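Asks: One structure coming up, written as structure tokens, with questions to follow.
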Amino acid sequence: MANKKRVIALTALAASAAMLLASCTSNDTSASTSASAAPVTLTWWHNAIAGADGKNLTGDYWQKVADDYTALHPNVTFKIEQIETNDLQRTRIPAALQSGDAPDIFQAWGGGEMVQQVNAGYLMDLTDKIPAAIKELGSSAAGWSVAGKQYGMPYTFGIEGIWYHKSLFDKAGITGTPKTMDELNADVTKLKAAGVTPIAVGASDKWPAAHWWYNFALRSCSTDVIQASNTAFDFSDPCFVAAGKDLQAFIDTKPFQDQYLSSKAQQDPTSAAGLVGTGKAAMELMGHWELGQYEGFQADDAAKATLDADMGWFNFPATSSGAGDPTAVLGGGDGFACYKDAPAECADFLAYLTSVDVQKGFAAIPGNLPVNPGAADQIASPQLKQLADVRASAGYVQLWLDTYYGTNVGGAMNDGIVALFGGTGTPQGIVDGMTAAAATQ
Amino acid sequence: MTFTTASGKGNGPVVGAKASAAGPRPGSPKNKQPGNASARKWAEIGLFVGPALLVFLVFVVYPVISAVRYSFYKWNGVKQFSEAEFVGLDNYRRALFGQGIFKKAYTEPFLTALSHNFEIIALSMAIQLPLALLVALILNRQFRGRTVVRVIIFAPYVLSEVITGVMWFVILDPNGIATRIVEALGLHSPAGGWFEDVHWGFWTMFFVVSWKYLGLAIILFLAGLSGVSKELQEAAAIDGASWWQIQRRINIPLIGPTIRIWAFLSIIGSIQLFDMVWVLNRGGTQGQYSTVASYMMDKGFYRSDWGYGSAIAVIMFLISLVVAIGYMLVILRRDNSTTAKN
């Protein structure tokens, strides 16, 4: 009885306090609805670390965003930790989630990994907390939703396509960019005749090679088949084997550089990015970040400007057959999620982080591609602008397949594809590996 | 003298038995308070062994037991282990006796990795052992710059695996110096590159591993040789034995125990070979130089297949254990018994 009375009294007190607070904050222009004035510290783990040149533009920007948010909401302070991606994704976040003492805000890549985290009950459902902010991001936010509920907010989402040197295309007598695989094959032949390595691929890192198969799969499989495949993990549709056959036929035309199996994706001048960056190879299939990689191989700003003017970009060509949408594109991005026990301010902060103004500041950093369509006019690079347009007009945007299927099936898929590149695998082998991995998870 | 002896004898056999038992420590306070002494002894043992034992239990025994436990479950490492599904021996079956698509996806790569381990053992004995022995025998004499030569030979072993890996990566890059030298000689470098070519990858890895660990064998053999008595060699030389005969009849047999210990370390190291292989490229894009340990890391950790990875770990543990005990019993037994006799 006494307990009941106390509960009623407490509820009344809380209600009046809430009303008082509401009246105090009603003049506040921020989107905050649930933030209380009680002091809150949000721990935030992100992957923006300093690069080789010691600069950390994105990391510095996150610090500024946190400071700005604290200025708007003086009761909220941040404790930020910058952690290298691999360490963060493979070790720190899983261990923190296991221990039950996870950071409030942490990096989230969406896809299969997020499905597992949601199934284990680790993530905060943002759907009803920040509906307007979710809607603002459009289709790009889909990769961070599970079964119709939003569990994370992307702040960048890029798509991939083929980067190429306009000057090398000119040298080989190629006009325009290839729209179909037949045209691409013809261009490869012309480039070889001109003594230029047609395409660079960093197969030693597996994923750059695997992305060729993803694109063939996106062309050969219907959107419905792809969309169903990360819940049912049923790869029996012949379109998956057909993708491998298309890739095999393409590899057989020998479009890649010598010893591509031993080439890394990035970093040194002999990596795939290095070969294109130094003008030794004409094309590379890669995401939006690659222009920044190419720039890294230039000696000075003048060389950078020359390169920027010389680099073009086109969407993966259409194949002659297949049920896929020829305008569909593959992409992926980075986002953040809130831990289930995080304070309510966490969701509000994610809404703030992806709002137009904050995204404009993010887009102003060279190489960054914002998610919020309202920030698109801040993109300086013409190539990234083009990418943003293609993304906006694409019939369908698919998350990277390895992210989409999660580490287990995704890893088996990448292994199978690299085996095909290396001559020890088969189109059927890729699908069998994925099916076997799916059966074990 | 005589008196003492006589009186000793005079005490008779009845007292004598007691006296001899207590003889070595007469008048010690421990004898008076045996309970106290034992408590103190255990306190001392506890104090000195306790912390190390605790660390051992927490960081070695507990993880081993956990790995055995995990190996019976299907667990993705994301959800709480309490929610993992018990699958009995499925993970072991998948590693050793997989059928259909599982055979191709799991059993074959595992057996390939395991065969690589045993190939490395065989090649170590067939190539590293004679090579290291030869170098050690040649270096086992006084000459100018001997220390410098020894330091150079031992240097690769001191380098960390990561530095070694990166160094050889640069040398053996598709556009690296090794490729250029080979092509300048009019030969072709492997089609897939040194490390990733399906036929050459394993041999490239074995070359790098040998380069790294040969120094240890040479230094161990040199240390063994320095213990061989000079008199024996001189006596043999006076009797007209050639250099080769001295090595074959005197030096090599006498450093036998050192060779057998090196072989033991080499075998166990080969079974557990991981860091070098991982740094190079996680066992290769097509597993061309994978080992059981790199396979375990790849499937367990990077594929989030923790139960299966644990099963691989347990299999590797058992193989190491059997090989180690077998080697101890069969080969090192002789050395141990010789030492005991001495």
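Here, A, B, ... name the chains of the structure tokens in the order displayed, residue numbers run from 1 inside each chain, and ligands are numbered from 1 in the same displayed order.
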Using only C-alpha atoms, which protein or nucleic acid residues come within 8 Å of range 98-106 of chain A? Drop anything in the same chain fewer than 5 positions from it, and give the result as a PDB file with C-alpha atoms, in the first residue's frame.
Replies:
ATOM      1  CA  LEU A  42      27.412  10.090 -24.504  1.00  0.00           C
ATOM      2  CA  THR A  43      30.319   7.809 -25.305  1.00  0.00           C
ATOM      3  CA  TRP A  44      30.991   7.770 -29.026  1.00  0.00           C
ATOM      4  CA  TRP A  45      33.249   5.374 -30.939  1.00  0.00           C
ATOM      5  CA  HIS A  46      33.979   6.269 -34.544  1.00  0.00           C
ATOM      6  CA  ILE A  93      32.423  -3.345 -30.836  1.00  0.00           C
ATOM      7  CA  PHE A 336      26.079   5.233 -36.474  1.00  0.00           C
ATOM      8  CA  ALA A 337      23.824   3.245 -34.191  1.00  0.00           C
ATOM      9  CA  CYS A 338      22.718   3.695 -30.595  1.00  0.00           C
ATOM     10  CA  TYR A 339      23.174   1.023 -27.944  1.00  0.00           C
ATOM     11  CA  ASP A 341      20.676   1.266 -23.040  1.00  0.00           C
ATOM     12  CA  ALA A 342      21.892   4.593 -24.409  1.00  0.00           C
ATOM     13  CA  PRO A 343      20.177   7.764 -23.147  1.00  0.00           C
ATOM     14  CA  CYS A 346      21.510   9.469 -28.512  1.00  0.00           C
TER      15      CYS A 346
ATOM     16  CA  VAL B  78      27.640 -11.448 -31.713  1.00  0.00           C
ATOM     17  CA  LYS B  79      24.808 -12.793 -29.591  1.00  0.00           C
ATOM     18  CA  GLN B  80      25.405 -13.844 -26.009  1.00  0.00           C
TER      19      GLN B  80
END
Asks: Just need the residues of chain B within 9 Å of chain A, counting only C-alpha atoms, so spit them out as an NGL selection string.
Replies: :B and (74-81 or 83 or 101-102 or 104-106 or 173-176 or 190-198 or 281 or 284-286 or 299 or 301-305)
Asks: With distances taken over only C-alpha atoms, which of A:Gln383, A:Thr403, A:Thr127, A:Asn372 is nearest to Met311 in chain A?
Replies: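 Ranking A:Gln383, A:Thr403, A:Thr127, A:Asn372 by distance to Met311 in chain A, first place goes to A:Gln383.
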Asks: Counting only C-alpha atoms, which of A:Ser381, A:Cys221, A:Leu247, A:Trp163 gets nearest to Ala273 in chain A?
Replies: A:Trp163
Asks: If we count only C-alpha atoms and set the cut-off at 9 Å, which residues sit around Ser71 in chain B, ignoring sequence neighbours fewer than 5 positions away in its own chain? Please answer as number ranges by chain.
Replies: B: 66, 87-92, 306-314
Asks: Could you give me, as a PyMOL selection string, each residue of range 111-202 of chain B that DSSP assigns to helix (DSSP H, G or I) when run on this structure's backbone?
Replies: chain B and resi 111-139+146-158+161-171+177-184+201-202
Asks: Would you kindly return, as a PDB file with C-alpha atoms, in the first residue's frame, each protein, DNA or RNA residue with an atom no farther than 9 Å from any atom of Val146 in chain A, considering only C-alpha atoms and excluding same-chain residues fewer than 4 positions away?
Replies:
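Okay, this is what ended up in out-v2.pdb:
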ATOM      1  CA  GLY A 110      24.455  -1.822 -41.876  1.00  0.00           C
ATOM      2  CA  GLY A 111      23.594  -5.084 -43.625  1.00  0.00           C
ATOM      3  CA  MET A 114      23.376  -5.150 -38.158  1.00  0.00           C
ATOM      4  CA  VAL A 115      20.818  -7.958 -38.543  1.00  0.00           C
ATOM      5  CA  VAL A 118      19.442  -6.532 -33.826  1.00  0.00           C
ATOM      6  CA  ALA A 142      17.463   1.378 -46.087  1.00  0.00           C
ATOM      7  CA  GLN A 150      15.464   1.748 -38.443  1.00  0.00           C
ATOM      8  CA  TYR A 151      18.437   0.885 -36.206  1.00  0.00           C
TER       9      TYR A 151
END
Asks: Choose the residue, out of B:Ile163, B:Ile271, B:Val277, B:Asp298, that has the smallest atom-to-atom separation from Leu321 in chain B; count only C-alpha atoms.
Replies: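 Of B:Ile163, B:Ile271, B:Val277, B:Asp298, the one nearest Leu321 in chain B, counting only C-alpha atoms, is B:Ile271.
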Asks: Restrict the calculation to only C-alpha atoms, then for each residue of range 336-430 of chain A with any atom at most 9 Å from an atom of range 284-301 of chain A give the closest atom pair and their distance in Å to one decimal, rows by chain and rising residue number, as CSV.
Replies:
residue,atom,partner,partner_atom,distance
A:Pro366,CA,A:Gly292,CA,8.0
A:Gly367,CA,A:Gly292,CA,6.0
A:Asn368,CA,A:Trp289,CA,7.7
A:Leu369,CA,A:His288,CA,7.8
A:Gln383,CA,A:Leu291,CA,8.5
A:Leu384,CA,A:His288,CA,6.9
A:Leu387,CA,A:His288,CA,7.4
Asks: Keeping all heavy atoms for every residue in the selection just given, could you write it to a file as a PDB file, in the first residue's frame?
Replies:
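Now in part_20.pdb:
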ATOM      1  N   PRO A 366      36.969  17.498 -48.528  1.00  0.00           N
ATOM      2  CA  PRO A 366      37.214  16.836 -49.824  1.00  0.00           C
ATOM      3  C   PRO A 366      37.078  15.320 -49.747  1.00  0.00           C
ATOM      4  O   PRO A 366      37.564  14.706 -48.800  1.00  0.00           O
ATOM      5  CB  PRO A 366      38.660  17.239 -50.139  1.00  0.00           C
ATOM      6  CG  PRO A 366      38.907  18.478 -49.363  1.00  0.00           C
ATOM      7  CD  PRO A 366      38.062  18.385 -48.140  1.00  0.00           C
ATOM      8  N   GLY A 367      36.404  14.747 -50.726  1.00  0.00           N
ATOM      9  CA  GLY A 367      36.270  13.292 -50.792  1.00  0.00           C
ATOM     10  C   GLY A 367      35.044  12.753 -50.067  1.00  0.00           C
ATOM     11  O   GLY A 367      34.721  11.590 -50.199  1.00  0.00           O
ATOM     12  N   ASN A 368      34.392  13.596 -49.279  1.00  0.00           N
ATOM     13  CA  ASN A 368      33.227  13.112 -48.533  1.00  0.00           C
ATOM     14  C   ASN A 368      31.951  13.244 -49.352  1.00  0.00           C
ATOM     15  O   ASN A 368      31.723  14.245 -50.024  1.00  0.00           O
ATOM     16  CB  ASN A 368      33.070  13.895 -47.224  1.00  0.00           C
ATOM     17  CG  ASN A 368      33.996  13.379 -46.150  1.00  0.00           C
ATOM     18  OD1 ASN A 368      34.713  12.407 -46.360  1.00  0.00           O
ATOM     19  ND2 ASN A 368      33.985  14.013 -45.007  1.00  0.00           N
ATOM     20  N   LEU A 369      31.136  12.230 -49.282  1.00  0.00           N
ATOM     21  CA  LEU A 369      29.873  12.215 -50.011  1.00  0.00           C
ATOM     22  C   LEU A 369      28.739  12.095 -48.987  1.00  0.00           C
ATOM     23  O   LEU A 369      28.577  11.055 -48.367  1.00  0.00           O
ATOM     24  CB  LEU A 369      29.869  11.014 -50.967  1.00  0.00           C
ATOM     25  CG  LEU A 369      28.803  10.957 -52.038  1.00  0.00           C
ATOM     26  CD1 LEU A 369      28.878  12.157 -52.959  1.00  0.00           C
ATOM     27  CD2 LEU A 369      28.962   9.686 -52.856  1.00  0.00           C
ATOM     28  N   GLN A 383      33.167  14.918 -60.150  1.00  0.00           N
ATOM     29  CA  GLN A 383      32.915  13.467 -60.216  1.00  0.00           C
ATOM     30  C   GLN A 383      31.975  13.018 -59.098  1.00  0.00           C
ATOM     31  O   GLN A 383      31.057  12.234 -59.320  1.00  0.00           O
ATOM     32  CB  GLN A 383      34.221  12.680 -60.114  1.00  0.00           C
ATOM     33  CG  GLN A 383      35.124  12.787 -61.326  1.00  0.00           C
ATOM     34  CD  GLN A 383      36.153  13.891 -61.181  1.00  0.00           C
ATOM     35  OE1 GLN A 383      35.999  14.800 -60.350  1.00  0.00           O
ATOM     36  NE2 GLN A 383      37.203  13.818 -61.977  1.00  0.00           N
ATOM     37  N   LEU A 384      32.218  13.533 -57.886  1.00  0.00           N
ATOM     38  CA  LEU A 384      31.355  13.136 -56.772  1.00  0.00           C
ATOM     39  C   LEU A 384      29.940  13.666 -56.976  1.00  0.00           C
ATOM     40  O   LEU A 384      28.965  13.024 -56.590  1.00  0.00           O
ATOM     41  CB  LEU A 384      31.929  13.624 -55.438  1.00  0.00           C
ATOM     42  CG  LEU A 384      33.186  12.890 -54.935  1.00  0.00           C
ATOM     43  CD1 LEU A 384      33.539  13.337 -53.532  1.00  0.00           C
ATOM     44  CD2 LEU A 384      33.018  11.383 -54.972  1.00  0.00           C
ATOM     45  N   LEU A 387      28.330  11.262 -59.187  1.00  0.00           N
ATOM     46  CA  LEU A 387      27.969  10.066 -58.426  1.00  0.00           C
ATOM     47  C   LEU A 387      26.680  10.287 -57.643  1.00  0.00           C
ATOM     48  O   LEU A 387      25.808   9.418 -57.599  1.00  0.00           O
ATOM     49  CB  LEU A 387      29.096   9.712 -57.440  1.00  0.00           C
ATOM     50  CG  LEU A 387      29.967   8.532 -57.803  1.00  0.00           C
ATOM     51  CD1 LEU A 387      31.059   8.969 -58.764  1.00  0.00           C
ATOM     52  CD2 LEU A 387      30.580   7.946 -56.558  1.00  0.00           C
TER      53      LEU A 387
END
